[in-house]
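Undergrad: Let me give you the structure first, and then I'll get to my questions.
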Amino acid sequence: MKMAAPLASKAGAAGTTSKPPFPELDFRSGARVEELNKLIQEFTKHDQREYDDQRALEIHTAKDFIFSMLGMVQKLDQKLPVANEYLLLSGGVREGVVDIDLDELNVYARGTDYDMDFTLLVPALKLHDRNQPVTLDMRHSALCHSWLSLRLFDEGTISKWKDCCTIVDHINGATNYFFSPTKVADWFYDSISIVLSEIQKKPQRGMPKVEKVEKNGTIISIILGVGSSRMLYDIVPVVSFKGWPAVAQSWLMENHFWDGKITEEEVISGFYLVPACSYKGKKDNEWRLSFARSEVQLKKCISSSLMQAYQACKAIIIKLLSRPKAISPYHLRSMMLWACDRLPASYLAQEDYAAHFLLGLIDDLQHCLVNKMCPNYFIPQCNMLEHLSEETVMLHARKLSSVRSDPAEHLRTAIEHVKAANRLTLELQRRGSTTSIPSPQSDGGDINQPDDRLAKKLQQLVTENPGKSISVFINPDDVTRPHFRIDDKFF
């Protein structure tokens with residue numbers, strides 16, 4: 001009778017030591033997930049800027065100058081609303097904070113051209129008296145775009161703005177004025193140029209230096225020098241609506257990641273028309289729907305680890321996919337919002353999953369390119385990549401494939417870029433640190449007490465609300481009393 005061979009001892013039996021777990025690896029690249037997480041954290045550390053009292057005061061001084069300038073623009077010909085509501089977003093248009101094509105924008109680089117960047121949406125027209133869904137004239141436009149007839153407004157408004165319209169005569173003899181984004185942008189740039197010329201004729205002590213004013217397509221870009229800081233303001237003329245567009249009503253019927261976290265009223269409080277047209281649209285007539293106000297609210301529901309991955313991914317693709325400019329950071333933002341709807345909130349809340357999120361965003365972007373499909377988050381039937389050629393999407397997909405094969409190396413490159421930008425900023429600050437900036441209202445010497453308190457308040461708002469967008473309510477006849485709204489809180 002044969003004896004059975006003895007069984008091998010089980011792992012973990014007495015006298016044996018279990019091996020440490022194998023480090024988690026990314027299957028595609030072989031990169032260690034722990035290393036990718038550390039690189040993303042390092043990028044975040046260098047990308048996020050901390051402001052001292054002096055920098056906070058410089059931010060306020062630049063903002064006050066821009067709002068004073070807009071108040072003077074309003075007084076030129078009374079076209080802009082007297083009491084206007086601006087939306088101030090952290091990050092310039094090139095950072096994808098609004099859905100505007102980047103093809104016509106000059107290239108500005110942080111560190112080389114500016115230190116901080118903002119986007120300011122300035123309503124040229126407001127339609128805030130409607131409670132029902134807003135129906136726009138989309139008969140002549142691609143999805144997510146519209147013409148705007150001034151028939152929606154009173155005779156006084158038509159009289160003010162008809163020189164910024166294209167005119168269409170109907171068979172019945174009626175004349176229809178369509179608000180022209182290109183003509184409005186031309187008027188806006190000319191008006192700002194006139195006002196800045198007048199301001200510079202009577203310079204005041206402590207007034208920001210206007211280093212650059214350029215019209216980039218339908219956007220006016222202003223770079224201000226304030227003390228040791230250079231601030232880029234991308235000013236966008238828009239049409240502001242309260243309520244929600246009828247074309248996006250079906251989106252509200254679906255389940256979303258923000259359900260139960262913020263109210264529907266907060267999400268659908270308003271939308272804009274921004275001066276951008278579709279690929280085959282008529283530039284003189286066509287506007288693009290923008291949900292920037294809603295996106296400010298949705299950002300409150302996105303985990304910090306996902307936002308860190310998004311910022312790192314954005315830094316990589318801005319450099320990599322800059323030519324041809326087929327892909328915008330706004331496309332990546334849309335993909336992130338879709339991912340939030342698709343994936344469990346508990347998964348996205350994991351603090352040490354930033355590497356997984358970064359790899360997933362790259363995979364999503366590559367998938368969208370290969371399939372030439374990137375649905376607008378609010379109007380899913382609108383494919384934002386539909387107009388691209390097969391050659392262009394495959395070119396970008398191949399570039400992304402190289403990123404996916406070695407994400408650690410591309411993160412290191414992004415870190416070096418942001419560190420170099422910070423070094424340029426610090427060098428500029430050192431050169432300008434010998435003199436402090438008096439406020440525009442002071443007679444020189446020490447900064448006065450009210451501005452000092454405001455600087456501390458601004459610094460507190462910035463440090464307590466990293467990455468959040470700020471709405472500013474301003475009366476052009478009294479720019480000394482700014483009112484801030486960070487998300488739904490007033491200050």
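The chains in the structure tokens are called A, B, ... from first to last as shown; in each chain the residues are counted from 1, and the ligands are counted from 1 in the order shown.
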List as a list in words the protein and nucleic acid residues near A:Thr157, meaning an atom at most 12 Å away when only C-alpha atoms are counted, but skip any in the same chain fewer than 5 places from it.

TA: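 Final neighbour list, sorted by chain and number: Gln78, Lys79, Leu80, Pro81, Ala124, Leu125, Lys126, Leu127, Ser149, Leu150, Arg151, Leu152, Lys162, Asp163, Cys164, Cys165, Tyr177 and Phe179 of chain A.
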
Undergrad: Write out as number ranges by chain all residues of stretch 58-304 of chain A that backbone DSSP assigns to strand (DSSP E).

TA: A: 84-90, 116-127, 145-146, 165-169, 175-179, 209-216, 219-226, 229-242, 270-274, 287-290

Undergrad: Atom CA of A:Gln41 and atom CA of A:Cys340 are how many Å apart?

TA: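 Separation between atom CA of A:Gln41 and atom CA of A:Cys340: 21.0 Å.
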
Undergrad: Grab the atom CA of A:Tyr114 to atom CA of A:Ile100 distance for me, in Å with one decimal place.

TA: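 We find that atom CA of A:Tyr114 and atom CA of A:Ile100 lie 20.4 Å from each other.
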
Undergrad: Listing only residues of stretch 140-230 of chain A within 6 Å of stretch 276-300 of chain A, what is the closest atom pair and its distance in Å (to one decimal) for each, using only C-alpha atoms, sorted by chain and residue number ascending, as a Markdown table?

TA:
```
| residue | atom | partner | partner_atom | distance |
| --- | --- | --- | --- | --- |
| A:Cys144 | CA | A:Leu289 | CA | 5.6 |
| A:His145 | CA | A:Arg288 | CA | 4.3 |
| A:Ser146 | CA | A:Trp287 | CA | 5.3 |
| A:Trp147 | CA | A:Glu286 | CA | 5.0 |
| A:Ser180 | CA | A:Asn285 | CA | 4.8 |
| A:Thr182 | CA | A:Asp284 | CA | 5.4 |
```

Undergrad: May I have the residues from that selection written out with N, CA and C atoms, as a short mmCIF file (atom, residue, chain, number, x, y, z; two decimals), in the first residue's frame?

TA:
```cif
data_model
loop_
_atom_site.label_atom_id
_atom_site.label_comp_id
_atom_site.auth_asym_id
_atom_site.auth_seq_id
_atom_site.Cartn_x
_atom_site.Cartn_y
_atom_site.Cartn_z
N CYS A 144 -26.29 73.01 -29.69
CA CYS A 144 -25.54 73.74 -28.67
C CYS A 144 -25.20 75.16 -29.11
N HIS A 145 -25.78 75.59 -30.22
CA HIS A 145 -25.55 76.95 -30.72
C HIS A 145 -26.89 77.60 -31.07
N SER A 146 -26.88 78.92 -31.17
CA SER A 146 -28.12 79.62 -31.46
C SER A 146 -27.84 81.00 -32.03
N TRP A 147 -28.78 81.48 -32.82
CA TRP A 147 -28.83 82.89 -33.16
C TRP A 147 -29.68 83.57 -32.09
N SER A 180 -24.98 90.11 -33.11
CA SER A 180 -23.80 89.54 -33.75
C SER A 180 -22.64 89.42 -32.76
N THR A 182 -19.50 88.74 -33.32
CA THR A 182 -18.27 89.37 -33.82
C THR A 182 -18.37 90.89 -33.73
#
```

Undergrad: Just how far from atom CA of A:Glu264 is atom CA of A:Ala246, in Å to one decimal?

TA: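 Value for the atom CA of A:Ala246-atom CA of A:Glu264 distance: 15.4 Å.
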
Undergrad: Counting only C-alpha atoms, which of A:Ala354, A:Cys301, A:Met373, A:Arg398 gets nearest to A:Met335?

TA: A:Met373

Undergrad: Of the candidates A:Glu24, A:Glu386, A:Glu42, A:Glu211, which shows the shortest atom-to-atom distance to A:Tyr233, using only C-alpha atoms?

TA: A:Glu211

Undergrad: At a cut-off of 12 Å, can you tabulate as a tab-separated table every residue of stretch 406-434 of chain A near stretch 318-333 of chain A together with its closest atom pair and the distance in Å to one decimal, using only C-alpha atoms and ordering rows by chain then number?

TA:
```
residue	atom	partner	partner_atom	distance
A:His410	CA	A:Leu320	CA	9.5
A:Leu411	CA	A:Lys319	CA	11.6
A:Thr413	CA	A:Lys319	CA	9.9
A:Ala414	CA	A:Lys319	CA	8.6
A:His417	CA	A:Lys319	CA	9.7
A:Val418	CA	A:Lys319	CA	11.7
```

Undergrad: Write out as a list in words each polymer residue whose atoms come within 10 Å of stretch 108-113 of chain A, counting only C-alpha atoms; drop sequence neighbours fewer than 5 positions from it.

TA: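 Here the answer would be Gly92, Arg94, Glu211, Lys212, Ile223, Arg230, Met231, Leu232, His417, Val418, Lys419, Ala420, Ala421, Asn422, Arg423, Leu424, Thr425, Leu426, Glu427 and Leu428 of chain A.
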
Undergrad: When distances are computed from only C-alpha atoms, which of A:Asn376, A:Asn371, A:Thr175, A:Ser346 shows the smallest separation from A:Ser389?

TA: A:Asn371
